[in-house]
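Q: Pasting structure.pdb here (PDB, C-alpha atoms):
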ATOM      1  CA  MET A1267      -3.652  56.558  20.350
ATOM      2  CA  ALA A1268      -5.714  57.057  17.228
ATOM      3  CA  ARG A1269      -7.683  54.038  16.023
ATOM      4  CA  ILE A1270      -7.668  55.232  12.407
ATOM      5  CA  SER A1271      -4.260  55.959  10.885
ATOM      6  CA  ALA A1272      -3.439  59.380   9.454
ATOM      7  CA  LYS A1273      -3.158  57.899   5.965
ATOM      8  CA  ASP A1274      -6.563  56.214   6.237
ATOM      9  CA  ARG A1275      -8.127  59.374   7.663
ATOM     10  CA  GLU A1276      -7.090  61.346   4.618
ATOM     11  CA  GLN A1277      -8.511  58.740   2.243
ATOM     12  CA  ILE A1278     -11.744  58.355   4.227
ATOM     13  CA  ALA A1279     -12.283  62.119   4.347
ATOM     14  CA  LYS A1280     -11.752  62.353   0.596
ATOM     15  CA  MET A1281     -14.274  59.584  -0.104
ATOM     16  CA  GLY A1282     -16.621  60.850   2.589
ATOM     17  CA  ALA A1283     -16.810  64.307   1.031
ATOM     18  CA  ARG A1284     -18.587  62.717  -1.928
ATOM     19  CA  LEU A1285     -21.511  61.337   0.087
ATOM     20  CA  GLN A1286     -24.772  62.514  -1.393
ATOM     21  CA  ARG A1287     -26.964  62.055   1.656
ATOM     22  CA  ASP A1288     -26.847  61.585   5.410
ATOM     23  CA  VAL A1289     -26.040  58.110   6.661
ATOM     24  CA  VAL A1290     -27.496  57.438  10.091
ATOM     25  CA  VAL A1291     -25.796  54.656  12.019
ATOM     26  CA  ASP A1292     -27.301  53.286  15.210
ATOM     27  CA  LEU A1293     -24.673  51.840  17.507
ATOM     28  CA  PHE A1294     -26.115  49.464  20.070
ATOM     29  CA  THR A1295     -23.609  49.089  22.843
ATOM     30  CA  GLN A1296     -23.341  48.127  26.473
ATOM     31  CA  ARG A1297     -22.264  50.408  29.251
ATOM     32  CA  GLU A1298     -19.233  49.217  31.146
ATOM     33  CA  SER A1299     -20.046  48.108  34.639
ATOM     34  CA  PRO A1300     -17.683  47.527  37.562
ATOM     35  CA  LEU A1301     -20.082  44.812  38.696
ATOM     36  CA  ILE A1302     -20.022  41.266  37.485
ATOM     37  CA  VAL A1303     -23.634  40.398  36.821
ATOM     38  CA  PRO A1304     -24.448  36.701  36.434
ATOM     39  CA  GLY A1305     -25.660  35.978  32.931
ATOM     40  CA  VAL A1306     -24.382  39.272  31.502
ATOM     41  CA  VAL A1307     -21.350  38.838  29.269
ATOM     42  CA  PRO A1308     -19.065  41.900  29.218
ATOM     43  CA  CYS A1309     -18.736  43.477  25.774
ATOM     44  CA  GLU A1310     -15.071  43.262  24.863
ATOM     45  CA  THR A1311     -15.233  45.341  21.695
ATOM     46  CA  CYS A1312     -17.881  47.984  22.454
ATOM     47  CA  THR A1313     -15.377  50.595  23.633
ATOM     48  CA  VAL A1314     -13.162  50.121  20.585
ATOM     49  CA  VAL A1315     -16.129  50.460  18.229
ATOM     50  CA  GLU A1316     -17.274  53.618  20.019
ATOM     51  CA  GLU A1317     -13.775  55.072  19.672
ATOM     52  CA  VAL A1318     -13.584  54.215  15.978
ATOM     53  CA  LEU A1319     -16.968  55.799  15.285
ATOM     54  CA  ALA A1320     -16.001  58.891  17.294
ATOM     55  CA  GLU A1321     -12.988  59.280  14.987
ATOM     56  CA  LEU A1322     -14.956  58.487  11.856
ATOM     57  CA  GLN A1323     -17.831  60.901  12.372
ATOM     58  CA  PRO A1324     -15.832  64.147  11.975
ATOM     59  CA  LEU A1325     -14.126  62.741   8.878
ATOM     60  CA  ILE A1326     -17.476  62.190   7.153
ATOM     61  CA  PRO A1327     -19.889  64.966   8.142
ATOM     62  CA  HIS A1328     -22.795  63.122   6.505
ATOM     63  CA  VAL A1329     -22.401  60.255   8.983
ATOM     64  CA  LYS A1330     -24.622  60.636  12.024
ATOM     65  CA  VAL A1331     -24.003  58.168  14.830
ATOM     66  CA  GLN A1332     -26.743  57.508  17.379
ATOM     67  CA  THR A1333     -25.542  55.513  20.365
ATOM     68  CA  HIS A1334     -27.978  53.309  22.241
ATOM     69  CA  ASP A1335     -27.564  51.201  25.343
ATOM     70  CA  LEU A1336     -28.888  47.733  24.594
ATOM     71  CA  VAL A1337     -30.230  47.253  28.112
ATOM     72  CA  GLY A1338     -31.536  50.779  28.679
ATOM     73  CA  GLU A1339     -33.202  50.923  25.274
ATOM     74  CA  ARG A1340     -34.262  47.324  25.037
ATOM     75  CA  GLU A1341     -37.641  48.188  23.463
ATOM     76  CA  LEU A1342     -36.001  50.014  20.569
ATOM     77  CA  ALA A1343     -33.517  47.162  20.201
ATOM     78  CA  ALA A1344     -36.357  44.631  20.212
ATOM     79  CA  THR A1345     -38.227  46.478  17.467
ATOM     80  CA  ARG A1346     -35.064  46.213  15.344
ATOM     81  CA  GLY A1347     -34.434  42.600  16.300
ATOM     82  CA  ILE A1348     -31.130  43.519  17.926
ATOM     83  CA  ASP A1349     -29.998  41.455  20.880
ATOM     84  CA  ARG A1350     -26.200  41.561  20.701
ATOM     85  CA  VAL A1351     -23.507  44.152  21.239
ATOM     86  CA  PRO A1352     -21.892  45.819  19.543
ATOM     87  CA  THR A1353     -24.325  46.061  16.647
ATOM     88  CA  LEU A1354     -24.152  48.783  14.024
ATOM     89  CA  ALA A1355     -27.411  49.236  12.166
ATOM     90  CA  PHE A1356     -28.265  51.668   9.424
ATOM     91  CA  ASP A1357     -31.302  53.787  10.204
ATOM     92  CA  GLY A1358     -33.731  55.775   8.069
ATOM     93  CA  ASP A1359     -35.166  54.020   5.019
ATOM     94  CA  LEU A1360     -32.888  51.082   5.731
ATOM     95  CA  ALA A1361     -33.925  50.603   9.363
ATOM     96  CA  GLY A1362     -33.933  46.933  10.232
ATOM     97  CA  ARG A1363     -32.385  45.841   6.955
ATOM     98  CA  ILE A1364     -28.623  46.232   7.245
ATOM     99  CA  ARG A1365     -26.498  45.598  10.284
ATOM    100  CA  PHE A1366     -23.015  44.670  11.398
ATOM    101  CA  VAL A1367     -23.089  42.358  14.398
ATOM    102  CA  GLY A1368     -19.780  42.461  16.243
ATOM    103  CA  ALA A1369     -16.939  44.877  15.750
ATOM    104  CA  PRO A1370     -16.198  45.589  12.078
ATOM    105  CA  LEU A1371     -12.476  46.003  12.644
ATOM    106  CA  GLY A1372      -9.402  44.961  10.711
ATOM    107  CA  TYR A1373     -10.249  43.884   7.197
ATOM    108  CA  GLU A1374     -13.945  44.260   7.922
ATOM    109  CA  PHE A1375     -13.550  47.958   8.652
ATOM    110  CA  ALA A1376     -13.191  48.354   4.887
ATOM    111  CA  SER A1377     -16.506  46.525   4.429
ATOM    112  CA  PHE A1378     -18.171  48.817   6.940
ATOM    113  CA  LEU A1379     -16.785  51.903   5.211
ATOM    114  CA  SER A1380     -17.889  50.513   1.870
ATOM    115  CA  SER A1381     -21.390  50.130   3.312
ATOM    116  CA  ILE A1382     -21.399  53.759   4.420
ATOM    117  CA  PHE A1383     -20.419  54.861   0.919
ATOM    118  CA  GLU A1384     -23.026  52.538  -0.572
ATOM    119  CA  VAL A1385     -25.792  53.881   1.688
ATOM    120  CA  GLY A1386     -24.534  57.420   1.098
ATOM    121  CA  GLY A1387     -24.902  56.982  -2.633
ATOM    122  CA  THR A1388     -21.278  57.216  -3.754
ATOM    123  CA  THR A1389     -20.527  53.597  -4.629
ATOM    124  CA  LYS A1390     -22.441  50.527  -5.742
ATOM    125  CA  ALA A1391     -20.906  47.085  -5.238
ATOM    126  CA  ALA A1392     -23.720  45.269  -7.063
ATOM    127  CA  SER A1393     -23.999  45.523 -10.830
ATOM    128  CA  ASP A1394     -27.048  46.849 -12.653
ATOM    129  CA  THR A1395     -27.389  43.428 -14.294
ATOM    130  CA  GLY A1396     -27.480  41.719 -10.921
ATOM    131  CA  LEU A1397     -29.984  44.157  -9.475
ATOM    132  CA  THR A1398     -32.220  43.723 -12.501
ATOM    133  CA  ARG A1399     -32.205  39.949 -11.938
ATOM    134  CA  LEU A1400     -33.454  40.608  -8.401
ATOM    135  CA  ALA A1401     -36.133  43.078  -9.406
ATOM    136  CA  GLY A1402     -38.794  40.346  -9.351
ATOM    137  CA  VAL A1403     -38.037  39.294  -5.779
ATOM    138  CA  ALA A1404     -41.158  40.102  -3.791
ATOM    139  CA  GLN A1405     -40.637  38.196  -0.571
ATOM    140  CA  PRO A1406     -38.166  38.713   2.274
ATOM    141  CA  VAL A1407     -34.637  37.449   1.763
ATOM    142  CA  ASN A1408     -32.132  37.502   4.595
ATOM    143  CA  LEU A1409     -28.397  37.245   3.991
ATOM    144  CA  LYS A1410     -26.090  36.434   6.875
ATOM    145  CA  VAL A1411     -22.438  36.877   6.003
ATOM    146  CA  PHE A1412     -20.026  35.479   8.576
ATOM    147  CA  VAL A1413     -16.635  37.182   8.578
ATOM    148  CA  THR A1414     -13.551  37.658  10.727
ATOM    149  CA  PRO A1415     -11.331  40.732  11.075
ATOM    150  CA  THR A1416      -8.348  39.009   9.410
TER     151      THR A1416
ATOM    152  CA  MET B 911     -19.201  39.184   0.197
ATOM    153  CA  ALA B 912     -20.198  41.606   2.945
ATOM    154  CA  SER B 913     -20.109  44.630   0.657
ATOM    155  CA  LEU B 914     -22.068  42.817  -2.021
ATOM    156  CA  ALA B 915     -24.724  41.629   0.427
ATOM    157  CA  VAL B 916     -25.094  45.162   1.769
ATOM    158  CA  SER B 917     -25.327  46.562  -1.744
ATOM    159  CA  LEU B 918     -28.111  44.148  -2.647
ATOM    160  CA  ALA B 919     -29.975  45.167   0.512
ATOM    161  CA  VAL B 920     -29.530  48.876  -0.188
ATOM    162  CA  HIS B 921     -30.992  48.514  -3.661
ATOM    163  CA  ASN B 922     -33.740  45.951  -3.019
ATOM    164  CA  GLU B 923     -36.193  46.612  -0.209
ATOM    165  CA  HIS B 924     -36.979  42.900   0.190
ATOM    166  CA  ILE B 925     -33.398  41.999   1.036
ATOM    167  CA  SER B 926     -31.795  42.339   4.458
ATOM    168  CA  ALA B 927     -28.119  41.821   5.205
ATOM    169  CA  GLU B 928     -26.321  40.972   8.410
ATOM    170  CA  VAL B 929     -22.542  40.930   8.605
ATOM    171  CA  ILE B 930     -21.603  38.867  11.633
ATOM    172  CA  GLU B 931     -18.182  38.697  13.259
ATOM    173  CA  ALA B 932     -17.799  34.951  13.666
ATOM    174  CA  ASN B 933     -15.135  34.931  16.401
ATOM    175  CA  GLU B 934     -17.104  37.279  18.593
ATOM    176  CA  PHE B 935     -20.241  35.146  18.596
ATOM    177  CA  PRO B 936     -19.221  31.477  18.696
ATOM    178  CA  ASP B 937     -22.807  30.441  19.466
ATOM    179  CA  LEU B 938     -23.941  31.874  16.124
ATOM    180  CA  SER B 939     -20.956  30.301  14.379
ATOM    181  CA  ARG B 940     -21.923  26.915  15.799
ATOM    182  CA  ARG B 941     -25.586  27.385  14.910
ATOM    183  CA  TYR B 942     -24.740  28.211  11.299
ATOM    184  CA  ASP B 943     -21.870  25.691  10.951
ATOM    185  CA  VAL B 944     -19.238  28.320  10.337
ATOM    186  CA  TYR B 945     -15.849  26.614   9.958
ATOM    187  CA  GLY B 946     -14.395  29.127   7.514
ATOM    188  CA  VAL B 947     -15.149  32.634   6.333
ATOM    189  CA  PRO B 948     -16.783  34.142   4.518
ATOM    190  CA  ARG B 949     -19.817  31.914   4.876
ATOM    191  CA  THR B 950     -23.113  33.299   3.640
ATOM    192  CA  VAL B 951     -26.444  31.892   4.731
ATOM    193  CA  VAL B 952     -29.505  32.737   2.665
ATOM    194  CA  ASN B 953     -32.872  32.608   4.423
ATOM    195  CA  GLU B 954     -31.543  30.226   7.072
ATOM    196  CA  SER B 955     -31.458  27.440   4.506
ATOM    197  CA  ILE B 956     -28.859  27.796   1.779
ATOM    198  CA  ALA B 957     -25.189  28.214   2.682
ATOM    199  CA  ILE B 958     -22.428  29.494   0.451
ATOM    200  CA  GLU B 959     -18.802  28.778   1.324
ATOM    201  CA  GLY B 960     -16.138  31.311   0.526
ATOM    202  CA  ALA B 961     -16.158  34.358  -1.691
ATOM    203  CA  VAL B 962     -18.287  33.780  -4.773
ATOM    204  CA  SER B 963     -19.206  35.944  -7.721
ATOM    205  CA  GLU B 964     -22.241  38.180  -7.709
ATOM    206  CA  ALA B 965     -23.902  35.875 -10.252
ATOM    207  CA  VAL B 966     -23.516  32.840  -7.974
ATOM    208  CA  LEU B 967     -24.831  34.702  -4.943
ATOM    209  CA  ILE B 968     -27.859  35.895  -6.892
ATOM    210  CA  ASP B 969     -28.474  32.372  -8.233
ATOM    211  CA  LYS B 970     -28.599  31.053  -4.654
ATOM    212  CA  LEU B 971     -30.749  33.955  -3.520
ATOM    213  CA  LEU B 972     -33.276  33.345  -6.282
ATOM    214  CA  LYS B 973     -33.261  29.642  -5.469
ATOM    215  CA  ALA B 974     -34.093  30.459  -1.851
ATOM    216  CA  VAL B 975     -37.249  32.334  -2.839
ATOM    217  CA  GLN B 976     -38.480  29.858  -5.472
TER     218      GLN B 976
END
Written as structure tokens, that's how I'd like the structure from this file.
A:
Amino acid sequence: MARISAKDREQIAKMGARLQRDVVVDLFTQRESPLIVPGVVPCETCTVVEEVLAELQPLIPHVKVQTHDLVGERELAATRGIDRVPTLAFDGDLAGRIRFVGAPLGYEFASFLSSIFEVGGTTKAASDTGLTRLAGVAQPVNLKVFVTPT
Amino acid sequence: MASLAVSLAVHNEHISAEVIEANEFPDLSRRYDVYGVPRTVVNESIAIEGAVSEAVLIDKLLKAVQ
């Protein structure tokens, strides 16, 4: 069964065709294991996120998904400060600066899509006035936004 | 709030944004006192409850770096 509805696919493809640049998304996931390993919590949403991204990628040719195993590529994950799965992180110029920790499903799928369009240069949620106010910021600022899918 | 935070990060290299699914990571929710969403935490110190305007978010952000 498709994760993205036919109606949404059409809309996403239409918006995605307007992307001005490639958007590289690193998906940090965890391979399913038949073994129960003490201390390792099974990832309940990794498979769903992988399926959603597999459906999304052909709809938006500019989206490039790179899948990484958190355990197998722990050094790469460490350099990005990633220690949870699933995590979706934007790569390229934005490496290490924008990430979705946990599955961006339900209502939050719209936020994730919006981020793709923002990174791809088709939309801008922030106003020019707001960005001008922040132009003088010269030290690191971290925003953590806690959300739920509903 | 998530889209706005991401937008600020896209357009300002000093800003980073993390969108965290609260139900999936209860340890993080406990650590950051998340009892409702959205909850935005700026630089581990200033928390914003609920959806607020861009102006309010930027006010808090600027306060965090003062």
Q: Starting from the shown file, work through the ChimeraX specification (/A :<6) & /B and note down what comes out as JSON, numbers by chain.
A: {"B": [913, 914, 917, 924, 925, 926, 927, 928, 929, 930, 931, 932, 947, 948, 949, 950, 951, 952, 953]}
Q: Interatomic distance between atom CA of A:Lys1330 and atom CA of B:Phe935?
A: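 About the pair atom CA of A:Lys1330 and atom CA of B:Phe935: they are 26.7 Å apart.
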Q: At what distance in Å, to one decimal, does atom CA of B:Asp937 lie from atom CA of B:Gly960?
A: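 Here the two named atoms are 20.1 Å from each other.
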Q: Just want the 10 Å neighbourhood of A:Thr1313, counted on only C-alpha atoms, with same-chain residues fewer than 6 positions away dropped. Output as a compact mmCIF listing (two decimals) with C-alpha atoms, in the coordinates of the input.
A:
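Written file, part37.txt:
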# COMPACT_ATOMS: atom_id res chain seq x y z
CA THR A 1295 -23.61 49.09 22.84
CA GLN A 1296 -23.34 48.13 26.47
CA ARG A 1297 -22.26 50.41 29.25
CA GLU A 1298 -19.23 49.22 31.15
CA LEU A 1319 -16.97 55.80 15.28
CA PRO A 1352 -21.89 45.82 19.54
CA ALA A 1369 -16.94 44.88 15.75
Q: Expressed in Å to a single decimal, how great is the separation between atom CA of A:Glu1316 and atom CA of A:Phe1356?
A: 15.4 Å
Q: Which residues would end up in the selection if the PyMOL selection byres ((chain B and resi 969) around 12) were applied here, given that I need the answer as number ranges by chain?
A: A: 1396-1397, 1399-1400; B: 952, 956, 958, 962-968, 970-976
Q: Please write the residues picked by the PyMOL selection byres ((chain A and resi 1270-1285) around 6) on this file as a VMD selection string.
A: chain A and resid 1268 to 1269 1286 to 1287 1325 to 1326 1386 1388
Q: For A:Val1315, which residue among A:Glu1341, A:Pro1327, A:Gly1347, A:Asp1292 is the nearest when counting only C-alpha atoms?
A: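 Going through A:Glu1341, A:Pro1327, A:Gly1347, A:Asp1292 one by one, the smallest distance to A:Val1315 is for A:Asp1292.
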Q: As lines of an AutoDock Vina configuration file, please: the centre and edge lengths in Å, to one decimal, of an axis-aligned box enclosing every listed atom of stretch 1395-1407 of chain A with 6 Å added on each side.
A:
center_x = -34.3
center_y = 40.8
center_z = -6.0
size_x = 25.8
size_y = 18.7
size_z = 28.6
